[in-house]
file input25.txt (compact mmCIF, C-alpha atoms)
# COMPACT_ATOMS: atom_id res chain seq x y z
CA ALA A 29 2.43 -4.48 -1.14
CA ILE A 30 3.82 -2.12 -3.77
CA ASP A 31 5.93 -2.55 -6.88
CA LEU A 32 9.31 -1.00 -6.10
CA LEU A 33 11.05 0.90 -8.87
CA GLY A 34 12.16 -1.50 -11.60
CA SER A 35 10.11 -4.41 -10.28
CA GLY A 36 6.63 -5.60 -11.15
CA TRP A 37 4.69 -3.15 -13.30
CA SER A 38 6.59 -0.06 -12.18
CA SER A 39 8.49 2.18 -14.59
CA LYS A 40 11.99 1.01 -15.52
CA PRO A 41 14.03 4.02 -16.69
CA PRO A 42 17.53 3.35 -18.06
CA ARG A 43 20.13 3.89 -15.37
CA SER A 44 21.82 6.73 -17.28
CA SER A 45 18.61 8.68 -17.92
CA ASP A 46 17.85 11.96 -16.15
CA VAL A 47 14.75 10.40 -14.59
CA ALA A 48 16.79 7.56 -13.08
CA LYS A 49 19.41 9.95 -11.72
CA GLU A 50 16.73 12.12 -10.13
CA LEU A 51 15.04 9.11 -8.50
CA ASN A 52 18.27 7.51 -7.27
CA GLY A 53 18.17 7.18 -3.48
CA GLU A 54 21.97 7.22 -3.32
CA ARG A 55 22.10 10.76 -4.70
CA GLY A 56 23.63 13.05 -2.10
CA ARG A 57 23.41 10.37 0.59
CA PHE A 58 27.15 9.86 1.03
CA ILE A 59 29.50 12.39 2.57
CA GLU A 60 31.98 11.87 -0.28
CA ASP A 61 29.42 13.29 -2.72
CA ASP A 62 29.39 16.90 -3.84
CA ASP A 63 26.77 18.90 -1.91
CA GLY A 64 25.61 20.12 -5.30
CA ASP A 65 24.06 16.69 -5.82
CA MET A 66 21.34 17.69 -3.36
CA VAL A 67 20.37 20.97 -5.02
CA GLY A 68 16.61 20.93 -5.45
CA ARG A 69 16.25 17.66 -3.53
CA PRO A 70 14.88 17.75 0.04
CA MET A 71 16.74 15.83 2.74
CA VAL A 72 13.51 14.40 4.16
CA GLY A 73 14.04 10.84 5.30
CA ARG A 74 17.71 10.43 4.48
CA GLN A 75 20.84 10.47 6.59
CA ARG A 76 24.25 11.27 5.13
CA GLY A 77 27.21 9.09 5.97
CA PRO A 78 30.25 7.38 4.43
CA SER A 79 29.75 5.21 1.36
CA ILE A 80 31.92 2.47 2.90
CA LEU A 81 31.37 1.33 6.48
CA SER A 82 34.52 -0.12 8.03
CA ASN A 83 34.81 -3.05 10.43
CA VAL A 84 31.16 -4.09 10.49
CA GLU A 85 30.30 -7.32 12.32
CA LEU A 86 28.27 -9.67 10.12
CA GLY A 87 27.02 -13.19 10.65
CA THR A 88 28.16 -16.39 8.98
CA ALA A 89 26.26 -19.44 7.76
CA SER A 90 27.51 -21.45 10.73
CA GLY A 91 26.20 -18.94 13.26
CA GLY A 92 29.55 -17.29 13.88
CA SER A 93 30.64 -13.76 13.06
CA LYS A 94 33.10 -11.97 10.82
CA ILE A 95 34.33 -8.42 10.38
CA SER A 96 33.94 -6.83 6.95
CA ASP A 97 33.81 -3.47 5.23
CA VAL A 98 30.36 -2.80 3.76
CA ASP A 99 30.31 -0.86 0.50
CA LEU A 100 26.94 0.89 0.26
CA ARG A 101 27.15 2.39 -3.24
CA HIS A 102 25.85 0.55 -6.31
CA PRO A 103 28.94 -0.06 -8.49
CA LEU A 104 27.04 1.08 -11.60
CA GLY A 105 25.40 4.12 -10.03
CA SER A 106 22.09 2.42 -10.79
CA PRO A 107 18.85 3.74 -9.25
CA TYR A 108 17.80 0.14 -8.58
CA ASN A 109 19.15 0.03 -5.05
CA PHE A 110 17.87 -0.31 -1.49
CA PHE A 111 18.06 3.40 -0.77
CA THR A 112 15.78 4.22 -3.70
CA TRP A 113 13.37 1.49 -2.67
CA SER A 114 13.38 2.52 1.00
CA GLU A 115 12.53 6.09 0.01
CA GLN A 116 9.70 4.80 -2.16
CA ILE A 117 8.31 2.83 0.80
CA SER A 118 8.37 5.94 2.98
CA ASP A 119 6.79 8.09 0.27
CA PHE A 120 4.03 5.50 -0.11
CA THR A 121 3.57 5.47 3.66
CA ARG A 122 3.17 9.25 3.82
CA ASP A 123 1.23 9.84 0.61
CA VAL A 124 -1.08 6.83 0.61
CA VAL A 125 -1.25 4.92 3.90
CA LEU A 126 -1.28 7.91 6.25
CA LYS A 127 -2.92 10.39 3.88
CA ASP A 128 -5.67 12.58 5.32
CA GLY A 129 -5.53 10.95 8.74
CA ARG A 130 -7.23 7.77 7.57
CA ARG A 131 -5.65 5.79 10.40
CA THR A 132 -6.00 6.13 14.14
CA THR A 133 -2.21 6.02 14.48
CA ASN A 134 0.50 7.97 12.70
CA GLN A 135 2.81 4.96 12.41
CA VAL A 136 2.93 1.90 10.18
CA SER A 137 4.19 -1.66 10.64
CA LEU A 138 6.33 -3.17 7.88
CA ILE A 139 6.14 -6.83 6.82
CA CYS A 140 8.89 -7.94 4.45
CA ASN A 141 10.38 -11.02 2.80
CA SER A 142 13.81 -11.85 1.38
CA ILE A 143 15.55 -8.82 -0.18
CA GLY A 144 12.64 -6.66 0.96
CA THR A 145 14.37 -6.87 4.35
CA MET A 146 17.01 -4.27 3.47
CA SER A 147 14.52 -1.79 1.98
CA SER A 148 12.25 -2.04 5.03
CA LEU A 149 15.04 -1.72 7.59
CA GLN A 150 16.52 1.26 5.73
CA ALA A 151 13.12 2.96 5.62
CA THR A 152 12.86 2.47 9.39
CA ILE A 153 16.36 3.88 9.97
CA ASP A 154 15.72 6.94 7.81
CA ASN A 155 12.18 7.62 9.07
CA PRO A 156 11.82 6.24 12.62
CA ASP A 157 8.79 8.45 13.21
CA LEU A 158 6.84 6.58 10.51
CA TYR A 159 7.31 2.97 11.65
CA ASP A 160 6.49 1.08 14.83
CA GLY A 161 8.03 -2.28 13.95
CA VAL A 162 9.35 -4.64 11.28
CA CYS A 163 8.39 -8.28 10.78
CA ILE A 164 10.92 -10.10 8.59
CA ILE A 165 10.12 -13.34 6.80
CA ASN A 166 13.28 -15.16 5.67
CA PRO A 167 15.92 -12.42 5.47
CA ASN A 168 18.30 -12.41 2.53
CA TYR A 169 22.04 -12.08 3.23
CA ARG A 170 23.06 -11.31 -0.36
CA GLU A 171 25.85 -13.81 -0.96
CA LEU A 172 27.23 -11.83 -3.93
CA HIS A 173 27.80 -8.70 -1.83
CA SER A 174 31.48 -7.77 -1.71
CA ALA A 175 31.34 -8.11 2.09
CA GLU A 176 29.98 -11.66 1.81
CA VAL A 177 32.17 -13.11 -0.95
CA PRO A 178 35.15 -15.10 0.43
CA PHE A 179 38.58 -13.65 -0.38
CA ALA A 180 36.94 -10.59 -1.91
CA ASP A 181 40.19 -9.06 -3.14
CA LEU A 182 40.72 -12.08 -5.38
CA SER A 183 37.17 -13.16 -6.16
CA MET A 184 35.37 -9.84 -6.70
CA PRO A 185 37.25 -8.97 -9.95
CA VAL A 186 36.04 -12.31 -11.32
CA VAL A 187 32.49 -11.65 -10.11
CA ARG A 188 32.52 -8.18 -11.67
CA SER A 189 33.73 -9.64 -14.98
CA VAL A 190 30.87 -12.15 -15.04
CA GLN A 191 28.38 -9.41 -14.15
CA ARG A 192 29.69 -7.20 -16.96
CA LEU A 193 29.53 -10.11 -19.41
CA LEU A 194 25.88 -10.71 -18.50
CA ARG A 195 25.00 -7.03 -18.91
CA GLU A 196 26.64 -6.81 -22.30
CA ASN A 197 25.79 -10.21 -23.77
CA GLY A 198 23.18 -11.80 -21.56
CA ARG A 199 19.96 -10.81 -23.32
CA GLY A 200 19.75 -14.10 -25.18
CA LEU A 201 20.14 -16.06 -21.96
CA TYR A 202 17.54 -13.84 -20.29
CA ASP A 203 15.00 -14.46 -23.05
CA ALA A 204 15.65 -18.20 -22.89
CA LEU A 205 15.07 -18.31 -19.12
CA ALA A 206 12.01 -16.04 -19.10
CA LYS A 207 9.62 -18.91 -19.86
CA LYS A 208 6.81 -20.29 -17.69
CA ASP A 209 8.26 -23.76 -17.28
CA THR A 210 11.72 -22.41 -16.47
CA VAL A 211 10.43 -19.90 -13.91
CA ARG A 212 8.31 -22.63 -12.34
CA GLU A 213 11.33 -24.91 -11.91
CA ILE A 214 13.48 -22.10 -10.51
CA LEU A 215 10.79 -21.28 -7.93
CA LYS A 216 10.56 -24.88 -6.81
CA GLU A 217 14.13 -24.74 -5.49
CA PRO A 218 13.46 -22.44 -2.50
CA TYR A 219 9.87 -23.60 -1.95
CA ALA A 220 9.62 -26.64 0.31
CA ILE A 221 5.90 -26.91 -0.46
CA THR A 222 6.09 -26.95 -4.24
CA GLU A 223 2.31 -27.06 -4.62
CA ALA A 224 2.39 -23.35 -3.74
CA VAL A 225 4.17 -22.71 -7.05
CA ASP A 226 0.97 -22.43 -9.07
CA ASP A 227 0.11 -20.72 -12.36
CA GLU A 228 -0.88 -17.50 -10.60
CA LEU A 229 2.47 -17.18 -8.82
CA VAL A 230 4.41 -17.91 -12.01
CA SER A 231 2.36 -15.31 -13.90
CA VAL A 232 2.76 -12.66 -11.19
CA LEU A 233 6.54 -13.02 -11.35
CA LEU A 234 7.03 -13.68 -15.06
CA ASP A 235 4.69 -11.23 -16.80
CA PRO A 236 6.46 -8.07 -15.53
CA LEU A 237 9.81 -9.60 -16.57
CA LEU A 238 8.63 -9.45 -20.17
CA THR A 239 8.00 -5.69 -20.13
CA GLU A 240 10.32 -3.16 -21.76
CA GLY A 241 13.44 -2.43 -19.72
CA ALA A 242 12.98 -5.38 -17.35
CA ALA A 243 16.08 -7.23 -18.57
CA ASP A 244 18.32 -4.22 -17.94
CA VAL A 245 16.91 -3.89 -14.41
CA VAL A 246 17.58 -7.57 -13.72
CA PHE A 247 21.18 -7.27 -14.90
CA ASP A 248 21.67 -4.10 -12.82
CA THR A 249 20.33 -5.98 -9.82
CA LEU A 250 22.61 -8.95 -10.46
CA SER A 251 25.51 -6.47 -10.55
CA TYR A 252 24.52 -4.96 -7.20
CA SER A 253 27.36 -6.39 -5.08
CA ALA A 254 27.01 -3.58 -2.58
CA GLY A 255 24.40 -1.84 -0.46
CA PRO A 256 23.19 -2.30 3.12
CA LEU A 257 23.04 -5.69 4.85
CA PRO A 258 20.59 -6.86 7.55
CA GLU A 259 23.04 -7.22 10.44
CA GLN A 260 24.69 -3.89 9.63
CA GLN A 261 21.29 -2.17 9.64
CA LEU A 262 20.00 -3.85 12.81
CA THR A 263 23.13 -2.86 14.74
CA SER A 264 23.29 0.66 13.33
CA PRO A 265 23.29 3.39 16.02
CA SER A 266 20.51 4.99 13.96
CA PHE A 267 18.14 2.03 14.19
CA PRO A 268 15.21 2.93 16.52
CA THR A 269 15.56 -0.09 18.79
CA GLU A 270 13.31 1.29 21.52
CA THR A 271 10.37 2.16 19.27
CA ALA A 272 10.52 -0.32 16.37
CA PRO A 273 10.74 -3.95 17.56
CA VAL A 274 11.83 -6.53 15.01
CA TRP A 275 10.50 -10.07 14.70
CA VAL A 276 12.13 -12.58 12.37
CA MET A 277 10.64 -15.84 11.14
CA TYR A 278 12.16 -18.29 8.71
CA GLY A 279 11.53 -21.63 7.07
CA ARG A 280 13.87 -24.37 8.25
CA SER A 281 13.76 -25.96 4.77
CA ASP A 282 14.93 -22.82 2.98
CA PRO A 283 18.11 -23.68 1.02
CA TRP A 284 18.94 -19.99 0.58
CA THR A 285 18.76 -18.85 4.22
CA PRO A 286 21.22 -20.43 6.71
CA ALA A 287 19.29 -21.22 9.89
CA ALA A 288 22.23 -20.64 12.25
CA ARG A 289 22.77 -17.15 10.87
CA VAL A 290 19.11 -16.26 11.34
CA GLU A 291 19.07 -17.63 14.89
CA LYS A 292 22.08 -15.48 15.80
CA MET A 293 20.04 -12.35 15.07
CA ILE A 294 18.29 -12.76 18.43
CA GLU A 295 21.51 -11.41 19.98
CA TYR A 296 20.76 -7.95 18.57
CA ASP A 297 18.95 -5.52 20.88
CA SER A 298 16.61 -4.59 18.04
CA VAL A 299 15.38 -8.18 17.51
CA GLU A 300 12.73 -9.41 19.96
CA LYS A 301 11.92 -12.81 18.48
CA VAL A 302 13.32 -15.32 16.01
CA ILE A 303 10.73 -17.92 15.04
CA PRO A 304 11.69 -21.08 13.09
CA LEU A 305 8.99 -22.69 10.94
CA ASP A 306 9.14 -26.38 10.12
CA GLY A 307 8.40 -27.78 6.68
CA VAL A 308 8.54 -24.51 4.73
CA GLY A 309 11.16 -22.79 2.59
CA HIS A 310 11.98 -19.25 1.50
CA CYS A 311 8.41 -17.95 1.24
CA PRO A 312 6.45 -19.36 4.20
CA HIS A 313 3.68 -16.80 3.66
CA ASP A 314 2.98 -18.46 0.29
CA GLU A 315 3.63 -22.01 1.40
CA GLN A 316 1.75 -22.08 4.71
CA PRO A 317 -0.21 -18.83 5.18
CA GLU A 318 -2.32 -20.54 7.84
CA VAL A 319 0.85 -20.73 9.98
CA VAL A 320 2.41 -17.38 9.08
CA ASN A 321 -0.65 -15.12 9.22
CA PRO A 322 -1.37 -15.74 12.94
CA ILE A 323 2.26 -14.85 13.74
CA ILE A 324 1.93 -11.62 11.75
CA LEU A 325 -1.28 -10.80 13.62
CA GLU A 326 0.46 -11.49 16.93
CA PHE A 327 3.27 -9.14 15.90
CA LEU A 328 0.77 -6.43 14.97
CA GLU A 329 -0.94 -6.81 18.34
CA ARG A 330 2.43 -6.44 20.04
CA VAL A 331 3.30 -3.18 18.27
CA LYS A 332 -0.24 -1.90 18.79
CA LYS A 333 0.19 -2.28 22.56
CA SER A 334 3.49 -0.45 22.29
CA ASP A 335 1.79 2.34 20.33
CA LYS A 336 -0.90 2.67 23.01
CA ALA A 337 1.71 2.79 25.76
CA GLN A 338 3.65 5.45 23.87
CA THR A 339 0.47 7.46 23.29
CA SER A 340 -0.40 7.27 27.00
CA SER A 341 3.12 8.31 27.91
CA ASN A 342 3.02 11.25 25.50
CA SER A 343 -0.39 12.26 26.84
CA PHE A 344 0.89 12.17 30.43
CA LEU A 345 3.95 14.22 29.53
CA SER A 346 1.78 16.72 27.70
CA GLN A 347 -0.53 17.10 30.70
CA PHE A 348 2.47 17.39 33.02
CA GLU A 349 3.95 20.16 30.87
CA LYS A 350 0.63 22.02 30.92
CA MET A 351 0.39 21.75 34.73
CA LYS A 352 3.98 22.92 35.12
CA ASN A 353 3.42 25.88 32.83
CA ASN A 354 0.23 26.84 34.68
CA MET A 355 2.02 26.73 38.01
CA PHE A 356 4.83 28.99 36.82
CA ASN A 357 2.41 31.39 35.12
CA GLN A 358 0.30 31.95 38.24

call {"tool": "encode", "arguments": {"input": "input25.txt", "output": "structure tokens"}}
result
Amino acid sequence: AIDLLGSGWSSKPPRSSDVAKELNGERGRFIEDDDGDMVGRPMVGRQRGPSILSNVELGTASGGSKISDVDLRHPLGSPYNFFTWSEQISDFTRDVVLKDGRRTTNQVSLICNSIGTMSSLQATIDNPDLYDGVCIINPNYRELHSAEVPFADLSMPVVRSVQRLLRENGRGLYDALAKKDTVREILKEPYAITEAVDDELVSVLLDPLLTEGAADVVFDTLSYSAGPLPEQQLTSPSFPTETAPVWVMYGRSDPWTPAARVEKMIEYDSVEKVIPLDGVGHCPHDEQPEVVNPIILEFLERVKKSDKAQTSSNSFLSQFEKMKNNMFNQ
């Protein structure tokens, strides 16, 4: 696990600062942007495309489907977005996990929870050579995204007004809520096993929220009614369906994650399994690790077998090419 930019103990540069602009994963990513935005910035691990995707099929809470336009660009131009975080995951993979050939494989498996889903899927789309699979625990569908809000043309101006009000005048409310007892009660809502909400968990989440710049990051995140969505990413032509299998598990008692929408994800070619878990909520890995960990290990065994098969296939092709070349060179 790593602290993504703006979260945990990471740095939290103001969105308008030069540092934030340089780090922003949206910079130069969209075809509407000036090519000058990419001067001095390598295009490693990023694909350019439109900032708004039209007519994307998304799920609904009832297990149905709807067609929406997905706006990918943060409305504030903030660096605290899924493209920045996905690039950070891939940088960490290259510079730390795979550094100096410490592993017997050159690919990594990603395990993610909640809004970590979008960062992990985007990293896999942008760098398919780095990842051999994604295991998702309780995906987040981002109900305040402009593609998710009902009657967006009417409701989004209201949502934007509330978001702006919080950014400009919400510091007092933030300070009032950033208390141990309050955080504990908030966490108990999505946790079905409330005993898992212990002092350590509260401290891990609360302490970084008290650092300088954390409030601004939170308000930027609350204003992020855009960006990629799980179904859009999983059905993207760029998702490496053949080489990066996806497993999804979820807690049936999670009030934030509609079960029917999760179950519908099995219809996607990229998703191999959807596993419901009884008696747990939004963070099953915290609530019942004795149930979740064996599933994660099973997933890792599955991708490991795939890696071995791919290695054998590559070895065979390599030997075949050598034999062919030798025959023609004789």

call {"tool": "closest_atom_pairs", "arguments": {"input": "input25.txt", "of": "segment 197-222 of chain A", "to": "segment 316-327 of chain A", "cutoff": "12 Å", "atoms": "all atoms listed in the file", "output": "JSON lines"}}
result
{"residue": "A:Tyr219", "atom": "CA", "partner": "A:Gln316", "partner_atom": "CA", "distance": 10.6}
{"residue": "A:Ala220", "atom": "CA", "partner": "A:Gln316", "partner_atom": "CA", "distance": 10.1}
{"residue": "A:Ile221", "atom": "CA", "partner": "A:Gln316", "partner_atom": "CA", "distance": 8.2}
{"residue": "A:Thr222", "atom": "CA", "partner": "A:Gln316", "partner_atom": "CA", "distance": 11.1}

call {"tool": "closest_atom_pairs", "arguments": {"input": "input25.txt", "of": "segment 131-173 of chain A", "to": "segment 277-287 of chain A", "cutoff": "10 Å", "atoms": "all atoms listed in the file", "output": "CSV"}}
result
residue,atom,partner,partner_atom,distance
A:Asn141,CA,A:Tyr278,CA,9.5
A:Ser142,CA,A:Thr285,CA,9.0
A:Cys163,CA,A:Met277,CA,7.9
A:Ile164,CA,A:Met277,CA,6.3
A:Ile165,CA,A:Met277,CA,5.0
A:Asn166,CA,A:Tyr278,CA,4.5
A:Pro167,CA,A:Thr285,CA,7.1
A:Asn168,CA,A:Thr285,CA,6.7
A:Tyr169,CA,A:Thr285,CA,7.6
A:Arg170,CA,A:Trp284,CA,9.7
A:Glu171,CA,A:Trp284,CA,9.4

call {"tool": "closest_residue", "arguments": {"input": "input25.txt", "among": "A:Tyr252, A:Tyr159, A:Phe247, A:Tyr202", "to": "Thr271 of chain A", "atoms": "all atoms listed in the file"}}
result
A:Tyr159

call {"tool": "atom_distance", "arguments": {"input": "input25.txt", "atom1": "atom CA of Thr121 of chain A", "atom2": "atom CA of Ser35 of chain A"}}
result
18.3 Å

call {"tool": "closest_atom_pairs", "arguments": {"input": "input25.txt", "of": "segment 142-245 of chain A", "to": "segment 71-91 of chain A", "cutoff": "8 Å", "atoms": "all atoms listed in the file", "output": "Markdown table"}}
result
| residue | atom | partner | partner_atom | distance |
| --- | --- | --- | --- | --- |
| A:Ala151 | CA | A:Gly73 | CA | 7.9 |
| A:Asp154 | CA | A:Gly73 | CA | 4.9 |
| A:Asn155 | CA | A:Gly73 | CA | 5.3 |

call {"tool": "write_last_selection", "arguments": {"input": "input25.txt", "atoms": "C-alpha atoms", "output": "PDB file, in the frame of the given file"}}
result
ATOM      1  CA  ALA A 151      13.120   2.960   5.620  1.00  0.00           C
ATOM      2  CA  ASP A 154      15.720   6.940   7.810  1.00  0.00           C
ATOM      3  CA  ASN A 155      12.180   7.620   9.070  1.00  0.00           C
TER       4      ASN A 155
END

call {"tool": "closest_residue", "arguments": {"input": "input25.txt", "among": "A:Thr152, A:Thr112, A:Ser45, A:Gln260", "to": "Ile139 of chain A", "atoms": "all atoms listed in the file"}}
result
A:Thr152

call {"tool": "closest_residue", "arguments": {"input": "input25.txt", "among": "A:Leu305, A:Ala272, A:Ala254, A:Leu237", "to": "Val162 of chain A", "atoms": "all atoms listed in the file"}}
result
A:Ala272

call {"tool": "residues_near_point", "arguments": {"input": "input25.txt", "point": "(7.1, -13.9, -18.8)", "cutoff": "10 Å", "atoms": "all atoms listed in the file", "output": "mmCIF file with C-alpha atoms, in the coordinates of the input"}}
result
data_model
loop_
_atom_site.group_PDB
_atom_site.id
_atom_site.type_symbol
_atom_site.label_atom_id
_atom_site.label_comp_id
_atom_site.auth_asym_id
_atom_site.auth_seq_id
_atom_site.Cartn_x
_atom_site.Cartn_y
_atom_site.Cartn_z
ATOM 1 C CA ASP A 203 15.000 -14.460 -23.050
ATOM 2 C CA LEU A 205 15.070 -18.310 -19.120
ATOM 3 C CA ALA A 206 12.010 -16.040 -19.100
ATOM 4 C CA LYS A 207 9.620 -18.910 -19.860
ATOM 5 C CA LYS A 208 6.810 -20.290 -17.690
ATOM 6 C CA THR A 210 11.720 -22.410 -16.470
ATOM 7 C CA VAL A 211 10.430 -19.900 -13.910
ATOM 8 C CA VAL A 230 4.410 -17.910 -12.010
ATOM 9 C CA SER A 231 2.360 -15.310 -13.900
ATOM 10 C CA VAL A 232 2.760 -12.660 -11.190
ATOM 11 C CA LEU A 233 6.540 -13.020 -11.350
ATOM 12 C CA LEU A 234 7.030 -13.680 -15.060
ATOM 13 C CA ASP A 235 4.690 -11.230 -16.800
ATOM 14 C CA PRO A 236 6.460 -8.070 -15.530
ATOM 15 C CA LEU A 237 9.810 -9.600 -16.570
ATOM 16 C CA LEU A 238 8.630 -9.450 -20.170
ATOM 17 C CA THR A 239 8.000 -5.690 -20.130
#

call {"tool": "closest_residue", "arguments": {"input": "input25.txt", "among": "A:Gly92, A:Pro103, A:Gly56, A:Gly198", "to": "Ala243 of chain A", "atoms": "all atoms listed in the file"}}
result
A:Gly198

call {"tool": "residues_near_point", "arguments": {"input": "input25.txt", "point": "(16.6, 1.7, 0.9)", "cutoff": "8 Å", "atoms": "only C-alpha atoms", "output": "PyMOL selection string"}}
result
chain A and resi 53+109-115+146-151

call {"tool": "atom_distance", "arguments": {"input": "input25.txt", "atom1": "atom CA of Leu328 of chain A", "atom2": "atom CA of Ser137 of chain A"}}
result
7.3 Å

call {"tool": "closest_residue", "arguments": {"input": "input25.txt", "among": "A:Glu270, A:Glu259, A:Glu315, A:Glu240", "to": "Ala224 of chain A", "atoms": "only C-alpha atoms"}}
result
A:Glu315

call {"tool": "closest_residue", "arguments": {"input": "input25.txt", "among": "A:Val47, A:Val246, A:Val136, A:Met184", "to": "Val124 of chain A", "atoms": "all atoms listed in the file"}}
result
A:Val136

call {"tool": "atom_distance", "arguments": {"input": "input25.txt", "atom1": "atom CA of Cys311 of chain A", "atom2": "atom CA of Leu250 of chain A"}}
result
20.5 Å

call {"tool": "residues_around", "arguments": {"input": "input25.txt", "residues": "Val302 of chain A", "least_positions_apart": "4", "cutoff": "7 Å", "atoms": "all atoms listed in the file", "output": "list in words"}}
result
Trp275, Val276, Met277, Glu291 and Ile294 of chain A
